[in-house]
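Student: Okay, handing you the structure first.
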Amino acid sequence: MKIGKNIKSIRLSQGKTQSQVAAEGGFQQGIYANWENDRYLPGAESLVKLADCFGCSVDYLLGRESEDGAIVIQQSDSLNDNEIKVLDMFRTLNVRRQGLAMVYIAALYDSQVKGI
């Protein structure tokens, strides 16, 4: 489980700096940076504070819940690095932009299948 990737992705999608999140949550900036870099795991109380800072659930921070509240079963072991990167970026998009991404991907897929 890579909590650091999740909290960094959420932070960036909200346009916040590490210092801003640390201040909002009452954390030391260095400790927060260690969480983002997966050097240490935040404890339960810190996860709740992070979720409050980001306006999401703890399950969302842990990668167990999607933006719409659906439970996510991750099988990241079977994904390659590019697939994981695309999935991480996709998850940070709002629902409207996810829809646009799906339309674009479907068009790329169709053109490949047709040999265009």
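By order in the structure tokens, chains are A, B, ...; within a chain, residues start at 1; ligands start at 1, following the order shown.
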I'd like the contact shell of Lys8 in chain A - 10 Å cut-off, only C-alpha atoms, skipping same-chain residues fewer than 5 positions apart - returned as a ChimeraX atom specification.
Tutor: /A:3,13-14,16-18,32-33,35-37,61
Student: Calculate how many Å separate CA of Phe54 in chain A from CA of Leu87 in chain A, rounding to one decimal.
Tutor: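 Going from CA of Phe54 in chain A over to CA of Leu87 in chain A, I get 19.5 Å.
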Student: Between A:Arg39, A:Leu79, A:Cys53, A:Leu12, which one has atoms that come closest to Phe27 in chain A, using only C-alpha atoms?
Tutor: A:Cys53
Student: Report the residues of chain A whose backbone DSSP state falls under helix (DSSP H, G or I), written as a PyMOL selection string.
Tutor: chain A and resi 3-13+18-25+29-36+44-54+58-61+76-78+81-92+95-113
Student: Pick from A:Phe90, A:Lys5, A:Gly25, A:Gly30: nearest to Glu45 in chain A, with only C-alpha atoms counted?
Tutor: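 Comparing A:Phe90, A:Lys5, A:Gly25, A:Gly30 against Glu45 in chain A, the winner is A:Gly25.
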Student: Name the closest residue to Ala51 in chain A among the candidates A:Ser111, A:Gln98, A:Asn34, A:Asn6; distances are taken between atoms, counting only C-alpha atoms.
Tutor: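 Looking at the shortest contact to Ala51 in chain A, the residue is A:Asn6.
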Student: Do you have the CA of Gly26 in chain A-CA of Val48 in chain A distance handy?
Tutor: 12.0 Å
Student: Residues at most 7 Å from Thr92 in chain A, counting only C-alpha atoms, excluding those fewer than 3 positions away in the same chain, as a PyMOL selection string?
Tutor: chain A and resi 9-10+13+88-89
